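Take a look at the structure below.
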Amino acid sequence: MTTYIFRRLVDLILVLFGVSILVFLMIRLIPGDAVAIMLGANVDITPERIEALRRQLGLHLPIHQQYLTWLQSILQGDLGKSIWTGQPVSSEILARLPVTLELTALALFFSLICSLPLGVMAARARGSWSDTLIRILSILGLTLPSFWVGVLLLLVFSLYLPSWPTIGYVPLREDPLGNLSRMALPVVAVSFPITAGISRILRSSLLDVLSMDYIRTAKSKGLGSGIVLYKHALRNALIPVITIIGVYVGYLLSGVVVIEQVFAIPGVGRLVIGAISERNYPLVQGIILMITSFFVLVNLLVDIAYAWIDPRVEYD
Amino acid sequence: MHVLSRLIHNRVGFTGFILSTLVISAALLAPLVSTHDPVSQHIRDRFEGPGQEYWLGTDNFGRDVFSRILFGYRTSLIISFSAVGLAALSGSAIGLVAAFYGGLSDRLLMRFMDVLLAFPIILLAIGILAVLGPGTFNTALAIGIVYLPIFARLARGPALSVLSWDYVTAAWALGASGRRIILRHVTPNIIAPILVQTTLSLSTAILVEASLSFLGLGTQPPTPSLGLMLSESRNFMLLSPWVSIFSGLAILLASLGFNLLGDGLRDLLDPTLRDVVT
């Protein structure tokens, strides 16, 4: 187990190293003069200002040296300065990150709560209408654009329930109820694909488990079907669900970036879109790097949790 | 033809086949079928509901929603097909090369694919578009890069096992070249899952394209684009909800069509893959 964790850590560092190179190359790959593009329509561009920004970004150094300097400051938590405000990029991101993470966590929680009963129900009523239903639901979940669901929810609520606060954000600490009621619609919109996916996986893994010998033993010693299902079968059936959660967190992060735009939620999704339109590349880099590192870390934790829960996992 | 005739008997696959054929025809025949010019404005007819003149209503500039959806399909499909085509061809090539040469090139190529997979999809596409700038071509390129690792991984695994089969060893012994082994002996054996994945990826690429243009990073106005239509429609949602409803529905139908088709193809070509590839 320790060797396994160690190897996964080495993997993680290698992947993060690759991610950092790609994110680093972003500014350098911009066609044309990145610095001139960043300063853009600004009227008072002087050669001095261009030169100053070039130095601030370290663009005057040879490329490998640029990378090393950049990496060094990243590792010290310095993601550079925002081109326009001069604020450290890291503090701008950290101010917005909790909003995005809250939305992601709530959506994950909500999808799990909905998909567990759905998956169990579908497995129990195997071969009947519920089979068809779960197949339709899972395909719809994969193909429904969550931002459209968001727009429709917005439309329905502003027409029929205008008192419901649909847009904007209030911090959880200031007004928990206001926060949650504003989060509700985006959470529902973004959870759809995940709920569908988890239900489908749970259904098929539950069907696999239910056909195993130990379940037959449990049944033949006279245990009720409820106990067999929830106490014996469900635990093992949940293992594949755990392995897929890492992937789904990635889907959720993607969905959340878009849904923040629909509901005017001030998370990193809105921040990155704003940063792109302002050509504030250090901020764009910082956001992509931070969210991706978070995603990679979640996947590591999921892998470890999986190995810990299921001793059959091969550690190679 | 063989697969096609079997597809007709597969309910899910056939529905997908019909839906995606409709969507593709809508895109191809847009100039013939559309009732209005997709960009011309009829200011007097703003916010019209669906009716005889404007089948699906009009938007805030009095543009015909039906015609805009048809031309929107064009943009959407051009981008999705080129993106997935690029990813399927280059990705499979990467997977095949990695499996064939093994060793260091295998490790380096697949590591690079792992790095691409480490990014949340939309975020990677956003990053690439931030560098390249928005536009139809760049969006296709960005989505193509995002989808590369899916195909590289998909091709590598089966290619590795095919390469160890006896008949490949026999081909080697008969003096076949590496090129011939890859193209004649390995590729035909791994084509089925790649074909299935291509169809399924088209379904999600349509959604990614719509998300990117919804965010304002993909197709730029005045080119009609479904994501952009949906995004703009939010400004006059209460005055004329039709645009929001129909543009989103159009995205759903296209994505649904290719997903069902892929699902059906999977049942036909490779039943063992069910519930594995999602």
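Residues in the structure tokens are numbered from 1 in each chain, the chains being A, B, ... in the order shown, and ligands are numbered from 1 in the order shown.
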Could you pull the residues within 9 Å of B:Leu123, counting only C-alpha atoms, minus those fewer than 4 positions along the same chain, as a list in words?
->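 Residues meeting the cut-off are Leu253, Ser254, Val257, Ile288, Ile291 and Thr292 of chain A; Phe119, Gly127 and Ile128 of chain B.
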Using N, CA and C atoms, can you export the residues from the last selection as an mmCIF file, in the first residue's frame?
data_model
loop_
_atom_site.group_PDB
_atom_site.id
_atom_site.type_symbol
_atom_site.label_atom_id
_atom_site.label_comp_id
_atom_site.auth_asym_id
_atom_site.auth_seq_id
_atom_site.Cartn_x
_atom_site.Cartn_y
_atom_site.Cartn_z
ATOM 1 N N LEU A 253 -16.267 20.270 -12.826
ATOM 2 C CA LEU A 253 -15.513 21.519 -12.911
ATOM 3 C C LEU A 253 -15.750 22.181 -14.269
ATOM 4 N N SER A 254 -15.776 21.353 -15.339
ATOM 5 C CA SER A 254 -16.069 21.893 -16.662
ATOM 6 C C SER A 254 -17.458 22.524 -16.697
ATOM 7 N N VAL A 257 -17.757 25.859 -14.689
ATOM 8 C CA VAL A 257 -17.187 27.026 -15.364
ATOM 9 C C VAL A 257 -18.241 27.678 -16.265
ATOM 10 N N ILE A 288 -6.016 28.171 -14.681
ATOM 11 C CA ILE A 288 -5.928 26.845 -15.285
ATOM 12 C C ILE A 288 -5.011 25.946 -14.454
ATOM 13 N N ILE A 291 -6.866 25.039 -10.941
ATOM 14 C CA ILE A 291 -7.999 24.116 -11.064
ATOM 15 C C ILE A 291 -7.500 22.739 -11.497
ATOM 16 N N THR A 292 -6.555 22.717 -12.439
ATOM 17 C CA THR A 292 -6.054 21.428 -12.902
ATOM 18 C C THR A 292 -5.317 20.691 -11.786
ATOM 19 N N PHE B 119 -6.216 17.854 -17.512
ATOM 20 C CA PHE B 119 -7.005 19.089 -17.492
ATOM 21 C C PHE B 119 -8.498 18.759 -17.589
ATOM 22 N N GLY B 127 -8.084 27.294 -22.398
ATOM 23 C CA GLY B 127 -6.682 27.688 -22.410
ATOM 24 C C GLY B 127 -6.142 27.775 -23.832
ATOM 25 N N ILE B 128 -6.469 26.773 -24.655
ATOM 26 C CA ILE B 128 -5.979 26.777 -26.032
ATOM 27 C C ILE B 128 -6.576 27.953 -26.803
#
Do a neighbour search on B:Ala125 at 9 Å with only C-alpha atoms, toss out local chain neighbours closer than 3 positions, and write the hits as a tab-separated table (two decimals) with N, CA, C and O atoms, in the first residue's frame.
chain	number	residue	atom	x	y	z
B	120	PRO	N	-9.33	19.48	-16.81
B	120	PRO	CA	-10.76	19.38	-17.11
B	120	PRO	C	-11.00	19.86	-18.55
B	120	PRO	O	-10.40	20.85	-18.98
B	121	ILE	N	-11.84	19.12	-19.30
B	121	ILE	CA	-12.00	19.33	-20.74
B	121	ILE	C	-12.18	20.80	-21.14
B	121	ILE	O	-11.43	21.33	-21.95
B	122	ILE	N	-13.18	21.43	-20.54
B	122	ILE	CA	-13.49	22.80	-20.95
B	122	ILE	C	-12.32	23.74	-20.66
B	122	ILE	O	-11.99	24.62	-21.44
B	128	ILE	N	-6.47	26.77	-24.66
B	128	ILE	CA	-5.98	26.78	-26.03
B	128	ILE	C	-6.58	27.95	-26.80
B	128	ILE	O	-5.88	28.65	-27.55
B	129	LEU	N	-7.88	28.21	-26.57
B	129	LEU	CA	-8.51	29.33	-27.28
B	129	LEU	C	-7.99	30.67	-26.79
B	129	LEU	O	-7.97	31.64	-27.55
B	130	ALA	N	-7.58	30.72	-25.51
B	130	ALA	CA	-7.02	31.96	-25.00
B	130	ALA	C	-5.73	32.28	-25.75
B	130	ALA	O	-5.40	33.43	-26.01
B	139	THR	N	-11.46	26.85	-32.77
B	139	THR	CA	-12.30	26.03	-31.90
B	139	THR	C	-12.15	24.55	-32.28
B	139	THR	O	-12.02	23.69	-31.41
B	142	ALA	N	-8.84	23.34	-31.05
B	142	ALA	CA	-8.82	23.19	-29.60
B	142	ALA	C	-9.54	21.91	-29.17
B	142	ALA	O	-9.01	21.12	-28.39
B	143	ILE	N	-10.74	21.68	-29.71
B	143	ILE	CA	-11.49	20.48	-29.33
B	143	ILE	C	-10.74	19.24	-29.80
B	143	ILE	O	-10.69	18.22	-29.10
B	145	ILE	N	-7.51	18.81	-30.05
B	145	ILE	CA	-6.41	18.52	-29.12
B	145	ILE	C	-6.94	17.92	-27.82
B	145	ILE	O	-6.38	16.96	-27.29
B	146	VAL	N	-8.06	18.46	-27.34
B	146	VAL	CA	-8.64	17.96	-26.09
B	146	VAL	C	-9.00	16.47	-26.22
B	146	VAL	O	-8.86	15.71	-25.27
B	208	VAL	N	-19.41	20.47	-26.37
B	208	VAL	CA	-18.26	21.31	-26.01
B	208	VAL	C	-18.22	22.54	-26.91
B	208	VAL	O	-18.01	23.67	-26.44
B	212	LEU	N	-18.41	26.40	-25.66
B	212	LEU	CA	-17.38	27.39	-25.94
B	212	LEU	C	-17.98	28.61	-26.63
B	212	LEU	O	-17.64	29.75	-26.29
Give as a PyMOL selection string every residue of chain B that touches chain A within 8 Å, counting only C-alpha atoms.
-> chain B and resi 111-112+114-116+118-124+127-128+130-132+203-204+207+211+215+230+234+237-238+241+244-245+248+251-252+255-256+259-260+275
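Candidate residues A:Ala123, A:Val268, A:Ile244, A:Leu103 were compared for distance to A:Leu185, and the nearest is A:Leu103, using only C-alpha atoms.
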Can you work out the spacing between atom CA of B:Ile18 and atom CA of B:Leu253 in Å, to one decimal?
-> 11.0 Å
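Counting only C-alpha atoms, the residue from A:Ser199, A:Thr69, A:Thr217, A:Thr85 that sits nearest to A:Ser130 is A:Ser199.
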Å distance separating atom CA of A:Arg216 from atom CA of A:Val241, one decimal place = 22.9 Å
A:Ala105, A:Val187, A:Met121, A:Leu153: which is nearest A:Tyr230, counting only C-alpha atoms?
->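 Of the candidates, the smallest distance to A:Tyr230 is held by A:Met121.
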Can you check which residues of stretch 40-191 of chain A DSSP gives as alpha helix (DSSP H) on the backbone and send them as a PyMOL selection string?
-> chain A and resi 47-56+63-75+89-124+129-143+146-160+176-191
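Using only C-alpha atoms for every distance, the candidate list A:Gln66, A:Thr132, A:Ser191, A:Ser82 yields A:Thr132 as the residue closest to B:Arg11.
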Work out how far apart atom CA of B:Val162 and atom CA of B:Leu96 are and give it in Å to one decimal.
-> 10.8 Å
Can you list, as an MDAnalysis selection string, every protein, DNA or RNA residue that comes within 12 Å of A:Arg124 when you count only C-alpha atoms, leaving out same-chain residues fewer than 2 positions away?
-> chainID A and resid 117:122 126:131 202:204 206:207 210 225:226 229:230 233:234
Contact residues around B:Ile181 with only C-alpha atoms at 8 Å, ignoring same-chain residues under 4 positions, as a ChimeraX atom specification = /B:168,171-172,176-177,185-186
